[in-house]
$ cat entry_32.txt   # compact mmCIF, C-alpha atoms
# COMPACT_ATOMS: atom_id res chain seq x y z
CA MET A 1 14.91 4.82 -28.16
CA ILE A 2 17.07 6.55 -25.60
CA LEU A 3 16.18 6.18 -21.94
CA SER A 4 14.90 9.71 -21.30
CA GLU A 5 12.45 9.58 -24.22
CA LYS A 6 11.13 6.25 -23.01
CA LEU A 7 10.73 7.57 -19.47
CA ALA A 8 9.01 10.74 -20.69
CA SER A 9 6.45 8.63 -22.52
CA ILE A 10 5.72 6.61 -19.37
CA GLY A 11 5.74 9.66 -17.08
CA TYR A 12 2.14 10.52 -17.75
CA TRP A 13 1.05 6.92 -17.25
CA THR A 14 2.80 6.88 -13.89
CA HIS A 15 0.98 10.03 -12.79
CA PHE A 16 -2.28 8.45 -13.85
CA VAL A 17 -1.58 5.19 -12.00
CA THR A 18 -0.52 7.09 -8.88
CA VAL A 19 -3.63 9.20 -8.57
CA ALA A 20 -6.02 6.44 -9.68
CA LEU A 21 -4.53 3.98 -7.20
CA PHE A 22 -4.83 6.55 -4.43
CA ALA A 23 -8.44 7.28 -5.40
CA LEU A 24 -9.34 3.57 -5.50
CA GLY A 25 -7.79 3.08 -2.07
CA LEU A 26 -9.69 6.07 -0.71
CA ILE A 27 -13.00 4.82 -2.13
CA GLY A 28 -12.41 1.35 -0.69
CA PHE A 29 -11.52 2.90 2.65
CA LEU A 30 -14.73 4.92 2.69
CA ILE A 31 -17.38 2.51 1.36
CA ARG A 32 -16.36 -0.98 2.52
CA ARG A 33 -17.43 -2.30 5.92
CA ASN A 34 -15.16 -5.32 6.13
CA ALA A 35 -12.24 -4.29 8.34
CA LEU A 36 -9.80 -6.47 6.38
CA ILE A 37 -10.67 -4.78 3.08
CA VAL A 38 -10.32 -1.37 4.75
CA LEU A 39 -6.76 -2.33 5.72
CA MET A 40 -6.07 -3.50 2.16
CA SER A 41 -7.30 -0.13 0.86
CA LEU A 42 -4.80 1.56 3.18
CA GLU A 43 -2.09 -0.55 1.56
CA LEU A 44 -3.22 0.60 -1.88
CA MET A 45 -2.89 4.25 -0.84
CA LEU A 46 0.59 3.66 0.62
CA ASN A 47 1.62 1.97 -2.63
CA ALA A 48 0.44 4.95 -4.65
CA VAL A 49 2.71 7.18 -2.56
CA ASN A 50 5.60 4.73 -3.03
CA LEU A 51 5.15 4.83 -6.81
CA LEU A 52 5.30 8.64 -6.76
CA LEU A 53 8.44 8.59 -4.59
CA VAL A 54 10.16 6.14 -6.93
CA GLN A 55 9.25 8.26 -9.92
CA ILE A 56 10.63 11.45 -8.36
CA SER A 57 13.77 9.64 -7.26
CA MET A 58 14.38 8.22 -10.73
CA ARG A 59 13.69 11.57 -12.40
CA THR A 60 16.08 13.57 -10.25
CA GLY A 61 18.74 10.84 -9.99
CA THR A 62 18.88 10.98 -6.19
CA SER A 63 18.48 8.05 -3.82
CA GLU A 64 16.56 9.83 -1.05
CA GLY A 65 13.23 8.75 -2.50
CA MET A 66 14.33 5.11 -2.43
CA VAL A 67 15.38 5.38 1.21
CA LEU A 68 12.00 6.90 2.01
CA VAL A 69 10.26 4.05 0.17
CA VAL A 70 12.17 1.51 2.30
CA PHE A 71 10.98 3.32 5.45
CA VAL A 72 7.40 3.48 4.17
CA ILE A 73 7.37 -0.24 3.39
CA THR A 74 8.64 -1.05 6.88
CA ILE A 75 6.02 1.15 8.52
CA ALA A 76 3.33 -0.38 6.28
CA ALA A 77 4.29 -3.88 7.38
CA ALA A 78 4.17 -2.75 11.02
CA GLU A 79 0.80 -1.10 10.50
CA VAL A 80 -0.67 -4.25 8.96
CA ALA A 81 0.62 -6.36 11.84
CA VAL A 82 -0.93 -4.05 14.46
CA GLY A 83 -4.14 -3.67 12.46
CA LEU A 84 -4.61 -7.40 12.07
CA GLY A 85 -3.92 -7.88 15.80
CA ILE A 86 -6.65 -5.36 16.60
CA ILE A 87 -9.02 -7.02 14.11
CA LEU A 88 -8.38 -10.42 15.73
CA ASN A 89 -9.23 -8.94 19.15
CA LEU A 90 -12.38 -7.32 17.79
CA TYR A 91 -13.38 -10.62 16.21
CA ARG A 92 -12.97 -12.39 19.55
CA MET A 93 -15.27 -9.81 21.12
CA LYS A 94 -18.10 -9.64 18.56
CA LYS A 95 -17.56 -12.65 16.24
CA THR A 96 -17.62 -10.38 13.21
CA VAL A 97 -15.33 -7.94 11.41
CA ASP A 98 -18.14 -5.67 10.26
CA LEU A 99 -17.03 -2.16 11.14
CA ASP A 100 -20.62 -1.00 11.65
CA SER A 101 -21.03 -3.40 14.55
CA PHE A 102 -18.35 -1.75 16.65
CA ARG A 103 -20.33 1.08 18.18
CA SER A 104 -19.30 1.26 21.82
CA LEU A 105 -15.96 2.30 23.21
CA SER A 106 -16.11 0.02 26.26
CA GLY A 107 -16.85 -3.20 24.33
CA MET B 1 3.26 0.14 -24.51
CA VAL B 2 4.37 -2.44 -21.97
CA PHE B 3 4.07 0.28 -19.36
CA ALA B 4 0.49 1.05 -20.38
CA ILE B 5 -0.47 -2.63 -20.20
CA PHE B 6 0.93 -3.04 -16.72
CA SER B 7 -0.60 0.26 -15.56
CA VAL B 8 -4.04 -0.91 -16.65
CA PHE B 9 -3.39 -4.32 -15.07
CA THR B 10 -2.45 -2.71 -11.75
CA LEU B 11 -5.52 -0.49 -11.73
CA LEU B 12 -7.88 -3.33 -12.65
CA THR B 13 -6.57 -5.55 -9.86
CA ALA B 14 -6.75 -2.61 -7.43
CA ALA B 15 -10.39 -2.18 -8.40
CA GLY B 16 -10.80 -5.91 -7.80
CA VAL B 17 -9.46 -5.48 -4.26
CA ILE B 18 -12.13 -3.01 -3.26
CA LEU B 19 -15.02 -4.54 -5.24
CA SER B 20 -14.71 -8.27 -4.44
CA ARG B 21 -17.48 -9.81 -2.37
CA ASN B 22 -15.18 -12.44 -0.91
CA VAL B 23 -12.21 -11.34 1.20
CA ILE B 24 -9.96 -14.07 -0.16
CA TYR B 25 -10.49 -12.78 -3.70
CA SER B 26 -9.53 -9.33 -2.44
CA ALA B 27 -6.29 -10.75 -1.04
CA LEU B 28 -5.57 -12.49 -4.36
CA ASN B 29 -6.19 -9.27 -6.27
CA LEU B 30 -3.90 -7.49 -3.83
CA VAL B 31 -1.06 -9.90 -4.68
CA LEU B 32 -1.59 -9.32 -8.40
CA CYS B 33 -1.70 -5.55 -7.81
CA PHE B 34 1.61 -5.67 -5.93
CA PHE B 35 3.20 -7.69 -8.73
CA GLY B 36 1.94 -5.13 -11.25
CA LEU B 37 3.46 -2.34 -9.16
CA ALA B 38 6.74 -4.25 -8.93
CA THR B 39 6.77 -4.39 -12.72
CA LEU B 40 6.20 -0.64 -12.91
CA TYR B 41 9.16 -0.06 -10.56
CA LEU B 42 11.24 -2.37 -12.74
CA LEU B 43 10.30 -0.43 -15.88
CA TRP B 44 11.37 2.80 -14.14
CA GLY B 45 14.69 1.14 -13.42
CA ALA B 46 14.26 0.79 -9.65
CA THR B 47 15.25 -2.87 -9.37
CA PHE B 48 15.96 -2.76 -5.64
CA ILE B 49 12.53 -1.35 -4.75
CA SER B 50 10.94 -3.83 -7.14
CA MET B 51 12.51 -6.80 -5.34
CA ILE B 52 11.61 -5.29 -1.93
CA GLN B 53 8.04 -4.88 -3.15
CA ILE B 54 7.75 -8.54 -4.12
CA LEU B 55 9.53 -9.85 -1.02
CA ILE B 56 7.81 -7.74 1.65
CA TYR B 57 4.46 -6.78 0.19
CA ALA B 58 3.53 -9.78 -1.94
CA GLY B 59 5.49 -12.17 0.26
CA ALA B 60 4.91 -11.09 3.84
CA ILE B 61 2.02 -8.65 4.11
CA VAL B 62 -0.42 -10.55 1.92
CA VAL B 63 0.48 -13.78 3.73
CA LEU B 64 -0.51 -12.02 6.96
CA PHE B 65 -3.83 -11.04 5.40
CA VAL B 66 -4.53 -14.54 4.10
CA PHE B 67 -3.54 -16.00 7.47
CA VAL B 68 -6.05 -13.82 9.30
CA VAL B 69 -8.77 -14.52 6.71
CA MET B 70 -8.21 -18.25 7.23
CA LEU B 71 -8.16 -17.81 11.02
CA LEU B 72 -11.50 -16.04 11.16
CA ASN B 73 -14.42 -18.11 9.97
CA PHE B 74 -17.16 -15.69 9.20
CA GLU B 75 -20.34 -17.01 10.79
CA LYS B 76 -22.44 -13.93 10.28
CA PRO B 77 -22.16 -12.67 6.69
CA ILE B 78 -21.32 -8.99 6.55
CA ASP B 79 -23.97 -6.66 5.23
CA GLN B 80 -22.49 -5.80 1.83
CA SER B 81 -25.05 -3.23 0.79
CA VAL B 82 -23.70 0.22 0.18
CA LYS B 83 -25.75 3.33 0.74
CA LEU B 84 -25.99 4.99 -2.67
CA PRO B 85 -25.58 8.64 -1.54
CA LEU B 86 -22.52 7.69 0.49
CA MET B 87 -21.04 5.81 -2.47
CA LEU B 88 -21.68 8.67 -4.88
CA LEU B 89 -20.26 11.20 -2.42
CA SER B 90 -17.09 9.22 -1.70
CA GLY B 91 -16.61 8.36 -5.37
CA ALA B 92 -17.03 11.96 -6.48
CA GLY B 93 -14.75 13.18 -3.70
CA ALA B 94 -12.03 10.64 -4.40
CA TRP B 95 -12.04 11.15 -8.18
CA GLY B 96 -12.15 14.92 -7.73
CA LEU B 97 -9.11 14.68 -5.49
CA ALA B 98 -7.46 12.40 -8.07
CA PHE B 99 -8.11 14.90 -10.86
CA LEU B 100 -6.66 17.73 -8.76
CA LEU B 101 -3.60 15.62 -7.89
CA LEU B 102 -3.11 14.73 -11.56
CA ARG B 103 -3.05 18.41 -12.50
CA VAL B 104 -0.64 19.21 -9.65
CA LEU B 105 1.67 16.28 -10.48
CA SER B 106 1.89 17.01 -14.18
CA LYS B 107 2.67 20.66 -13.35
CA SER B 108 5.30 19.86 -10.70
CA VAL B 109 6.82 16.38 -11.04
CA GLY B 110 6.17 16.19 -14.76
CA GLU B 111 8.29 19.30 -15.28
CA ILE B 112 11.43 17.76 -13.75
CA PRO B 113 13.85 16.94 -16.57
CA ILE B 114 14.79 13.28 -16.76
CA LEU B 115 18.48 12.43 -16.46
CA GLU B 116 20.21 10.52 -19.25
CA SER B 117 22.18 8.15 -17.04
CA ASN B 118 20.80 7.36 -13.63
CA SER B 119 22.82 5.55 -11.01
CA GLY B 120 20.65 6.60 -8.08
CA ALA B 121 18.64 3.42 -8.01
CA SER B 122 21.27 0.76 -7.52
CA VAL B 123 21.46 -1.24 -4.31
CA ARG B 124 24.91 0.21 -3.72
CA THR B 125 23.87 3.86 -3.65
CA VAL B 126 20.67 3.24 -1.72
CA SER B 127 22.41 1.22 0.98
CA LYS B 128 25.29 3.71 1.18
CA LEU B 129 22.81 6.48 1.85
CA LEU B 130 20.81 4.31 4.24
CA PHE B 131 23.84 3.48 6.38
CA SER B 132 25.55 6.88 6.32
CA GLN B 133 23.24 9.85 6.17
CA TYR B 134 20.06 8.09 7.25
CA VAL B 135 21.58 5.75 9.82
CA TRP B 136 19.79 7.35 12.79
CA PRO B 137 16.31 7.10 11.26
CA PHE B 138 17.23 3.53 10.40
CA GLU B 139 18.18 2.77 14.01
CA VAL B 140 15.02 4.44 15.31
CA LEU B 141 13.09 2.19 12.93
CA THR B 142 14.72 -0.93 14.40
CA ILE B 143 13.81 0.17 17.94
CA PHE B 144 10.30 0.83 16.67
CA LEU B 145 10.09 -2.68 15.24
CA LEU B 146 11.24 -4.14 18.58
CA ALA B 147 8.51 -2.17 20.39
CA LEU B 148 6.08 -3.41 17.74
CA ILE B 149 6.87 -7.06 18.42
CA VAL B 150 6.25 -6.62 22.15
CA GLY B 151 3.10 -4.58 21.49
CA ILE B 152 1.59 -7.16 19.17
CA TYR B 153 2.32 -9.94 21.63
CA VAL B 154 0.50 -8.04 24.38
CA LEU B 155 -2.34 -7.19 21.99
CA ALA B 156 -2.95 -10.61 20.50
CA LYS B 157 -2.31 -13.04 23.32
CA PRO B 158 -5.35 -14.97 24.56
CA GLU B 159 -7.31 -13.44 27.41
CA GLY B 160 -6.69 -14.62 30.95
CA GLU B 161 -3.10 -15.57 30.30
CA GLU B 162 -1.73 -12.84 32.54
CA LYS B 163 -3.24 -14.53 35.61
CA LYS B 164 -0.92 -17.53 35.35
$ encode --input "entry_32.txt" --output "structure tokens"
Amino acid sequence: MILSEKLASIGYWTHFVTVALFALGLIGFLIRRNALIVLMSLELMLNAVNLLLVQISMRTGTSEGMVLVVFVITIAAAEVAVGLGIILNLYRMKKTVDLDSFRSLSG
Amino acid sequence: MVFAIFSVFTLLTAAGVILSRNVIYSALNLVLCFFGLATLYLLWGATFISMIQILIYAGAIVVLFVFVVMLLNFEKPIDQSVKLPLMLLSGAGAWGLAFLLLRVLSKSVGEIPILESNSGASVRTVSKLLFSQYVWPFEVLTIFLLALIVGIYVLAKPEGEEKK
């Protein structure tokens, strides 16, 4: 099978994985109360976007999508580092990472 | 066929991330999900992104998660119950959005003709673009990472240390 036929057959699957991964991340972001799992759901959504960017880049034969994916991965790593730092501070304050227990702005 | 198997694998592990009771199982599922995604990138021909995915996501980010999970010992168990109306509302909203996105994607991205020979994914072309046309965003990103290191140090250092 030539490459374009193979890619056309997996194109629909990639669309499906992209939107389903984004939806799963969104659901996890909305219904979970554990702050760590909320951060993991954010990662899932970012990965869905990365998959779409890679697909567009490979379809059009340009490298801009890949460059954008490299930037997104860097920002995602930074976001996780900051998020986990904040979660550690919150844990020191309340001894829990339950998001429902953080109700006041002044601690 | 291989692509379908790995797509289903990725989605199942992603569902495992958001449904696990234990956070460490979520982190494990997240690793498997990232490996599944790396395989999908590989099947598309994006070897560079695939390696980056394994190195940074599965290697660094998940290690950070596991490190924090090990650091925090949960004394009070978190209330895991989910309000049913909220769950139904968020599920319906998310899947509705997914359906809409699927229609939009298959009308827009799905219509792009696929090239026969594709050299846009090699490390050579990506790094050429990264260090010529996109060199200023790249440099801004390095400054941003430097600011990030300082910021996280200020954020996460133990309290009372600034008095010394």
$ residues_around --input "entry_32.txt" --residues "region 13-15 of chain B" --least-positions-apart "5" --cutoff "7 Å" --atoms "only C-alpha atoms" --output "compact mmCIF listing (two decimals) with C-alpha atoms, keeping the file's coordinate frame"
# COMPACT_ATOMS: atom_id res chain seq x y z
CA LEU A 21 -4.53 3.98 -7.20
CA LEU A 24 -9.34 3.57 -5.50
CA ASN B 29 -6.19 -9.27 -6.27
CA LEU B 30 -3.90 -7.49 -3.83
CA LEU B 32 -1.59 -9.32 -8.40
CA CYS B 33 -1.70 -5.55 -7.81
$ atom_distance --input "entry_32.txt" --atom1 "CA of Gly96 (chain B)" --atom2 "CA of Ile27 (chain A)"
11.6 Å
$ residues_around --input "entry_32.txt" --residues "Phe65 (chain B)" --least-positions-apart "6" --cutoff "12 Å" --atoms "all atoms listed in the file" --output "short mmCIF file (atom, residue, chain, number, x, y, z; two decimals) with C-alpha atoms, keeping the file's coordinate frame"
data_model
loop_
_atom_site.label_atom_id
_atom_site.label_comp_id
_atom_site.auth_asym_id
_atom_site.auth_seq_id
_atom_site.Cartn_x
_atom_site.Cartn_y
_atom_site.Cartn_z
CA ALA A 35 -12.24 -4.29 8.34
CA LEU A 36 -9.80 -6.47 6.38
CA ILE A 37 -10.67 -4.78 3.08
CA VAL A 38 -10.32 -1.37 4.75
CA LEU A 39 -6.76 -2.33 5.72
CA MET A 40 -6.07 -3.50 2.16
CA GLU A 43 -2.09 -0.55 1.56
CA ALA A 77 4.29 -3.88 7.38
CA VAL A 80 -0.67 -4.25 8.96
CA ALA A 81 0.62 -6.36 11.84
CA VAL A 82 -0.93 -4.05 14.46
CA GLY A 83 -4.14 -3.67 12.46
CA LEU A 84 -4.61 -7.40 12.07
CA GLY A 85 -3.92 -7.88 15.80
CA ILE A 87 -9.02 -7.02 14.11
CA LEU A 88 -8.38 -10.42 15.73
CA VAL B 23 -12.21 -11.34 1.20
CA ILE B 24 -9.96 -14.07 -0.16
CA TYR B 25 -10.49 -12.78 -3.70
CA SER B 26 -9.53 -9.33 -2.44
CA ALA B 27 -6.29 -10.75 -1.04
CA LEU B 28 -5.57 -12.49 -4.36
CA LEU B 30 -3.90 -7.49 -3.83
CA VAL B 31 -1.06 -9.90 -4.68
CA TYR B 57 4.46 -6.78 0.19
CA ALA B 58 3.53 -9.78 -1.94
CA GLY B 59 5.49 -12.17 0.26
CA LEU B 71 -8.16 -17.81 11.02
CA LEU B 72 -11.50 -16.04 11.16
#
$ residues_around --input "entry_32.txt" --residues "Val54 (chain A)" --least-positions-apart "4" --cutoff "12 Å" --atoms "all atoms listed in the file" --output "number ranges by chain"
A: 11, 14-15, 18, 47-50, 58-70, 72; B: 37-38, 40-50, 53, 109, 120-121
$ residues_around --input "entry_32.txt" --residues "region 101-107 of chain B" --least-positions-apart "2" --cutoff "7 Å" --atoms "only C-alpha atoms" --output "JSON, numbers by chain"
{"A": [15, 16, 19], "B": [97, 98, 99, 109, 110, 111]}
$ write_last_selection --input "entry_32.txt" --atoms "C-alpha atoms" --output "PDB file, in the frame of the given file"
ATOM      1  CA  HIS A  15       0.980  10.030 -12.790  1.00  0.00           C
ATOM      2  CA  PHE A  16      -2.280   8.450 -13.850  1.00  0.00           C
ATOM      3  CA  VAL A  19      -3.630   9.200  -8.570  1.00  0.00           C
TER       4      VAL A  19
ATOM      5  CA  LEU B  97      -9.110  14.680  -5.490  1.00  0.00           C
ATOM      6  CA  ALA B  98      -7.460  12.400  -8.070  1.00  0.00           C
ATOM      7  CA  PHE B  99      -8.110  14.900 -10.860  1.00  0.00           C
ATOM      8  CA  VAL B 109       6.820  16.380 -11.040  1.00  0.00           C
ATOM      9  CA  GLY B 110       6.170  16.190 -14.760  1.00  0.00           C
ATOM     10  CA  GLU B 111       8.290  19.300 -15.280  1.00  0.00           C
TER      11      GLU B 111
END
$ atom_distance --input "entry_32.txt" --atom1 "CA of Ile31 (chain A)" --atom2 "CA of Leu84 (chain B)"
9.8 Å
